[in-house]
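For reference, input.cif is printed below; it contains mmCIF, C-alpha atoms and all ligand atoms; chains and numbers go by the auth columns.
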data_coords
#
loop_
_atom_site.group_PDB
_atom_site.id
_atom_site.type_symbol
_atom_site.label_atom_id
_atom_site.label_comp_id
_atom_site.label_asym_id
_atom_site.label_seq_id
_atom_site.Cartn_x
_atom_site.Cartn_y
_atom_site.Cartn_z
_atom_site.B_iso_or_equiv
_atom_site.auth_seq_id
_atom_site.auth_asym_id
ATOM 1 C CA MET A 1 66.104 -16.319 -31.123 0.00 1421 G
ATOM 2 C CA GLN A 2 63.387 -15.411 -28.648 0.00 1422 G
ATOM 3 C CA ARG A 3 60.470 -17.663 -27.928 0.00 1423 G
ATOM 4 C CA PRO A 4 57.061 -16.009 -28.020 0.00 1424 G
ATOM 5 C CA ILE A 5 55.222 -15.653 -24.730 0.00 1425 G
ATOM 6 C CA PRO A 6 52.569 -18.413 -24.504 0.00 1426 G
ATOM 7 C CA TRP A 7 49.658 -16.077 -23.826 0.00 1427 G
ATOM 8 C CA LEU A 8 47.179 -18.755 -24.775 0.00 1428 G
ATOM 9 C CA TRP A 9 48.351 -21.154 -22.056 0.00 1429 G
ATOM 10 C CA ILE A 10 48.610 -18.364 -19.472 0.00 1430 G
ATOM 11 C CA LEU A 11 45.062 -17.258 -20.281 0.00 1431 G
ATOM 12 C CA LEU A 12 43.810 -20.837 -20.141 0.00 1432 G
ATOM 13 C CA GLY A 13 45.515 -21.411 -16.784 0.00 1433 G
ATOM 14 C CA GLY A 14 44.112 -18.168 -15.401 0.00 1434 G
ATOM 15 C CA LEU A 15 40.618 -19.046 -16.514 0.00 1435 G
ATOM 16 C CA LEU A 16 40.923 -22.501 -14.968 0.00 1436 G
ATOM 17 C CA LEU A 17 42.120 -20.998 -11.678 0.00 1437 G
ATOM 18 C CA LEU A 18 39.528 -18.230 -11.619 0.00 1438 G
ATOM 19 C CA ALA A 19 36.587 -20.275 -12.798 0.00 1439 G
ATOM 20 C CA PRO A 20 34.555 -21.704 -9.913 0.00 1440 G
ATOM 21 C CA GLY A 21 34.654 -25.134 -11.409 0.00 1441 G
ATOM 22 C CA ALA A 22 35.914 -28.476 -10.265 0.00 1442 G
ATOM 23 C CA ILE A 23 39.087 -28.272 -12.340 0.00 1443 G
ATOM 24 C CA GLY A 24 40.028 -24.869 -10.906 0.00 1444 G
ATOM 25 C CA ARG A 25 39.540 -26.100 -7.384 0.00 1445 G
ATOM 26 C CA LEU A 26 41.516 -29.231 -8.153 0.00 1446 G
ATOM 27 C CA LEU A 27 44.407 -27.174 -9.548 0.00 1447 G
ATOM 28 C CA LEU A 28 44.365 -24.858 -6.534 0.00 1448 G
ATOM 29 C CA ASP A 29 44.309 -27.792 -4.148 0.00 1449 G
ATOM 30 C CA LEU A 30 47.157 -29.404 -6.051 0.00 1450 G
ATOM 31 C CA ALA A 31 49.252 -26.230 -5.910 0.00 1451 G
ATOM 32 C CA GLU A 32 48.434 -25.847 -2.226 0.00 1452 G
ATOM 33 C CA GLY A 33 49.443 -29.400 -1.481 0.00 1453 G
ATOM 34 C CA LEU A 34 52.663 -29.131 -3.454 0.00 1454 G
ATOM 35 C CA THR A 35 53.602 -25.878 -1.713 0.00 1455 G
ATOM 36 C CA PHE A 36 52.825 -27.360 1.696 0.00 1456 G
ATOM 37 C CA LEU A 37 54.898 -30.418 0.836 0.00 1457 G
ATOM 38 C CA LEU A 38 57.822 -28.302 -0.343 0.00 1458 G
ATOM 39 C CA ILE A 39 57.799 -26.317 2.901 0.00 1459 G
ATOM 40 C CA VAL A 40 57.075 -29.073 5.405 0.00 1460 G
ATOM 41 C CA LEU A 41 58.949 -32.009 3.887 0.00 1461 G
ATOM 42 C CA PRO A 42 62.472 -30.600 4.522 0.00 1462 G
ATOM 43 C CA LEU A 43 61.515 -29.871 8.135 0.00 1463 G
ATOM 44 C CA LEU A 44 60.129 -33.379 8.603 0.00 1464 G
ATOM 45 C CA LEU A 45 63.156 -34.955 6.977 0.00 1465 G
ATOM 46 C CA GLY A 46 65.478 -32.819 9.075 0.00 1466 G
ATOM 47 C CA GLY A 47 63.717 -33.831 12.287 0.00 1467 G
ATOM 48 C CA ALA A 48 63.704 -37.478 11.326 0.00 1468 G
ATOM 49 C CA GLY A 49 67.379 -37.277 10.422 0.00 1469 G
ATOM 50 C CA LEU A 50 68.220 -35.646 13.748 0.00 1470 G
ATOM 51 C CA ILE A 51 66.351 -38.309 15.725 0.00 1471 G
ATOM 52 C CA GLY A 52 67.911 -41.064 13.624 0.00 1472 G
ATOM 53 C CA TRP A 53 71.373 -39.652 14.165 0.00 1473 G
ATOM 54 C CA GLN A 54 70.816 -39.495 17.927 0.00 1474 G
ATOM 55 C CA LEU A 55 69.638 -43.114 17.954 0.00 1475 G
ATOM 56 C CA LEU A 56 72.588 -44.134 15.802 0.00 1476 G
ATOM 57 C CA LYS A 57 75.070 -42.291 17.994 0.00 1477 G
ATOM 58 C CA ARG A 58 73.813 -44.155 21.039 0.00 1478 G
ATOM 59 C CA ARG A 59 74.802 -47.461 19.470 0.00 1479 G
ATOM 60 C CA LEU A 60 78.238 -46.388 18.319 0.00 1480 G
ATOM 61 C CA HIS A 61 81.260 -47.424 20.342 0.00 1481 G
ATOM 62 C CA THR A 62 84.611 -45.668 20.206 0.00 1482 G
ATOM 63 C CA CYS A 63 87.631 -47.857 20.756 0.00 1483 G
ATOM 64 C CA GLN A 64 89.764 -46.576 23.628 0.00 1484 G
ATOM 65 C CA ALA A 65 92.892 -48.048 22.107 0.00 1485 G
ATOM 66 C CA CYS A 66 92.780 -46.883 18.496 0.00 1486 G
ATOM 67 C CA GLY A 67 89.857 -44.452 18.350 0.00 1487 G
ATOM 68 C CA VAL A 68 87.872 -46.259 15.665 0.00 1488 G
ATOM 69 C CA THR A 69 84.114 -45.737 15.965 0.00 1489 G
ATOM 70 C CA SER A 70 81.999 -48.756 15.056 0.00 1490 G
ATOM 71 C CA PHE A 71 78.791 -50.621 15.788 0.00 1491 G
ATOM 72 C CA ALA A 72 80.675 -53.574 17.251 0.00 1492 G
ATOM 73 C CA THR A 73 79.693 -54.325 20.845 0.00 1493 G
ATOM 74 C CA GLU A 74 82.461 -56.641 22.047 0.00 1494 G
ATOM 75 C CA VAL A 75 85.630 -56.392 19.981 0.00 1495 G
ATOM 76 C CA CYS A 76 87.063 -53.465 18.034 0.00 1496 G
ATOM 77 C CA PRO A 77 87.035 -54.402 14.339 0.00 1497 G
ATOM 78 C CA ALA A 78 90.233 -52.453 13.668 0.00 1498 G
ATOM 79 C CA CYS A 79 92.586 -53.510 16.449 0.00 1499 G
ATOM 80 C CA GLY A 80 90.780 -56.337 18.254 0.00 1500 G
ATOM 81 C CA THR A 81 90.613 -54.670 21.661 0.00 1501 G
ATOM 82 C CA MET A 82 87.828 -55.960 23.887 0.00 1502 G
ATOM 83 C CA PHE A 83 85.325 -53.178 24.634 0.00 1503 G
ATOM 84 C CA ALA A 84 84.308 -54.826 27.910 0.00 1504 G
ATOM 85 C CA ALA A 85 87.921 -54.717 29.078 0.00 1505 G
ATOM 86 C CA ASP A 86 88.053 -51.054 28.078 0.00 1506 G
ATOM 87 C CA ALA A 87 84.923 -50.335 30.071 0.00 1507 G
ATOM 88 C CA ALA A 88 86.356 -52.061 33.143 0.00 1508 G
ATOM 89 C CA ALA A 89 89.572 -50.058 32.854 0.00 1509 G
ATOM 90 C CA SER A 90 87.865 -46.723 32.355 0.00 1510 G
ATOM 91 C CA PRO A 91 88.201 -44.207 35.180 0.00 1511 G
ATOM 92 C CA GLY A 92 84.460 -44.146 35.777 0.00 1512 G
ATOM 93 C CA SER A 93 84.390 -47.732 36.982 0.00 1513 G
ATOM 94 C CA VAL A 94 87.494 -47.673 39.184 0.00 1514 G
ATOM 95 C CA GLU A 95 86.461 -48.906 42.610 0.00 1515 G
ATOM 96 C CA ALA A 96 87.191 -46.529 45.446 0.00 1516 G
ATOM 97 C CA PRO A 97 88.504 -47.988 48.720 0.00 1517 G
ATOM 98 C CA ALA A 98 85.641 -48.956 50.966 0.00 1518 G
ATOM 99 C CA ILE A 99 85.439 -46.167 53.553 0.00 1519 G
ATOM 100 C CA ASP A 100 82.228 -45.474 55.403 0.00 1520 G
ATOM 101 C CA ALA A 101 81.843 -41.698 55.383 0.00 1521 G
ATOM 102 C CA ARG A 102 79.812 -41.765 58.629 0.00 1522 G
ATOM 103 C CA ASN A 103 82.788 -43.049 60.619 0.00 1523 G
ATOM 104 C CA VAL A 104 85.370 -40.645 59.240 0.00 1524 G
ATOM 105 C CA THR A 105 86.368 -37.402 60.928 0.00 1525 G
ATOM 106 C CA ILE A 106 88.161 -34.751 58.920 0.00 1526 G
ATOM 107 C CA ASN A 107 90.479 -32.582 60.979 0.00 1527 G
ATOM 108 C CA VAL A 108 90.915 -29.073 59.580 0.00 1528 G
ATOM 109 C CA GLU A 109 93.796 -27.010 60.919 0.00 1529 G
ATOM 110 C CA ALA A 110 93.608 -23.229 60.481 0.00 1530 G
ATOM 111 C CA VAL A 111 96.888 -21.720 59.342 0.00 1531 G
ATOM 112 C CA GLU A 112 97.479 -17.998 59.028 0.00 1532 G
ATOM 113 C CA VAL A 113 98.868 -17.050 55.657 0.00 1533 G
ATOM 114 C CA PRO A 114 101.833 -14.664 55.876 0.00 1534 G
ATOM 115 C CA PRO A 115 101.287 -11.385 53.982 0.00 1535 G
ATOM 116 C CA VAL A 116 102.776 -11.132 50.515 0.00 1536 G
ATOM 117 C CA ASP A 117 105.282 -8.306 49.902 0.00 1537 G
ATOM 118 C CA GLY A 118 103.689 -5.202 48.381 0.00 1538 G
ATOM 119 C CA GLN A 119 100.245 -5.864 49.827 0.00 1539 G
ATOM 120 C CA LYS A 120 98.888 -4.250 52.949 0.00 1540 G
ATOM 121 C CA ARG A 121 96.681 -6.219 55.283 0.00 1541 G
ATOM 122 C CA SER A 122 93.367 -4.631 55.969 0.00 1542 G
ATOM 123 C CA GLY A 123 91.839 -4.844 59.389 0.00 1543 G
HETATM 124 ZN ZN ZN B . 90.495 -50.365 18.275 0.00 1601 Z
#
Please rewrite the model in this file as structure tokens.
Amino acid sequence: MQRPIPWLWILLGGLLLLAPGAIGRLLLDLAEGLTFLLIVLPLLLGGAGLIGWQLLKRRLHTCQACGVTSFATEVCPACGTMFAADAAASPGSVEAPAIDARNVTINVEAVEVPPVDGQKRSG
């Protein structure tokens, strides 16, 4: 069963859009706004989501012992490892021996490398 084409409504809509009246302008503005919203809203939501995810990621901590990622700041909720202890034991915070670089002399000794078999020395 085929529905008949609603020519009456199409004609009425066309007249409303073409007529220079207030209703036609209102409908055009409405369609314009809806189209703009449909195009711009996903972009806005995507940008907001990206920024939110970056902010969220900054607050997440990954446990060095078990690998669980959480919002906890002191103790891992899964295994109970202290995050502060993890931070102190991380390689980035290992203290180097106190050597003043201005008082250190590095002696470099030049050593001639013997030629490898099958290669000819140039020069
Ligand atoms: Zn853990």
d(atom CA of G:Ala1498, atom CA of G:Lys1477) in Å: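 The value is 18.8 Å.
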Environment of ligand ZN 1601 (chain Z) within 10 Å, counting all atoms listed in the file, reported as JSON, numbers by chain: {"G": [1481, 1482, 1483, 1484, 1485, 1486, 1487, 1488, 1489, 1490, 1495, 1496, 1497, 1498, 1499, 1500, 1501, 1502, 1503]}
Point-to-point distance from atom CA of G:Arg1479 to atom CA of G:Phe1491, Å rounded to tenths: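 These atoms are spaced 6.3 Å apart.
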Between atom CA of G:Thr1493 and atom CA of G:Leu1480 - distance in Å to one decimal: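 For atom CA of G:Leu1480 relative to atom CA of G:Thr1493, the distance reads 8.5 Å.
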Report as a Markdown table the residues of stretch 1445-1534 of chain G within 12 Å of stretch 1430-1436 of chain G, each with its shortest atom pair and distance in Å (one decimal), using all atoms listed in the file, ordered by chain and increasing residue number.
| residue | atom | partner | partner_atom | distance |
| --- | --- | --- | --- | --- |
| G:Arg1445 | CA | G:Leu1436 | CA | 8.5 |
| G:Leu1446 | CA | G:Leu1436 | CA | 9.6 |
| G:Leu1447 | CA | G:Leu1436 | CA | 8.0 |
| G:Leu1448 | CA | G:Leu1436 | CA | 9.4 |
How big is the axis-aligned box around the listed atoms of stretch 1480-1490 of chain G once 5 Å is added on each side, and where is its centre? Give both in Å to one decimal, as AutoDock Vina command-line options.
--center_x 85.6 --center_y -46.6 --center_z 19.3 --size_x 24.7 --size_y 14.3 --size_z 18.6
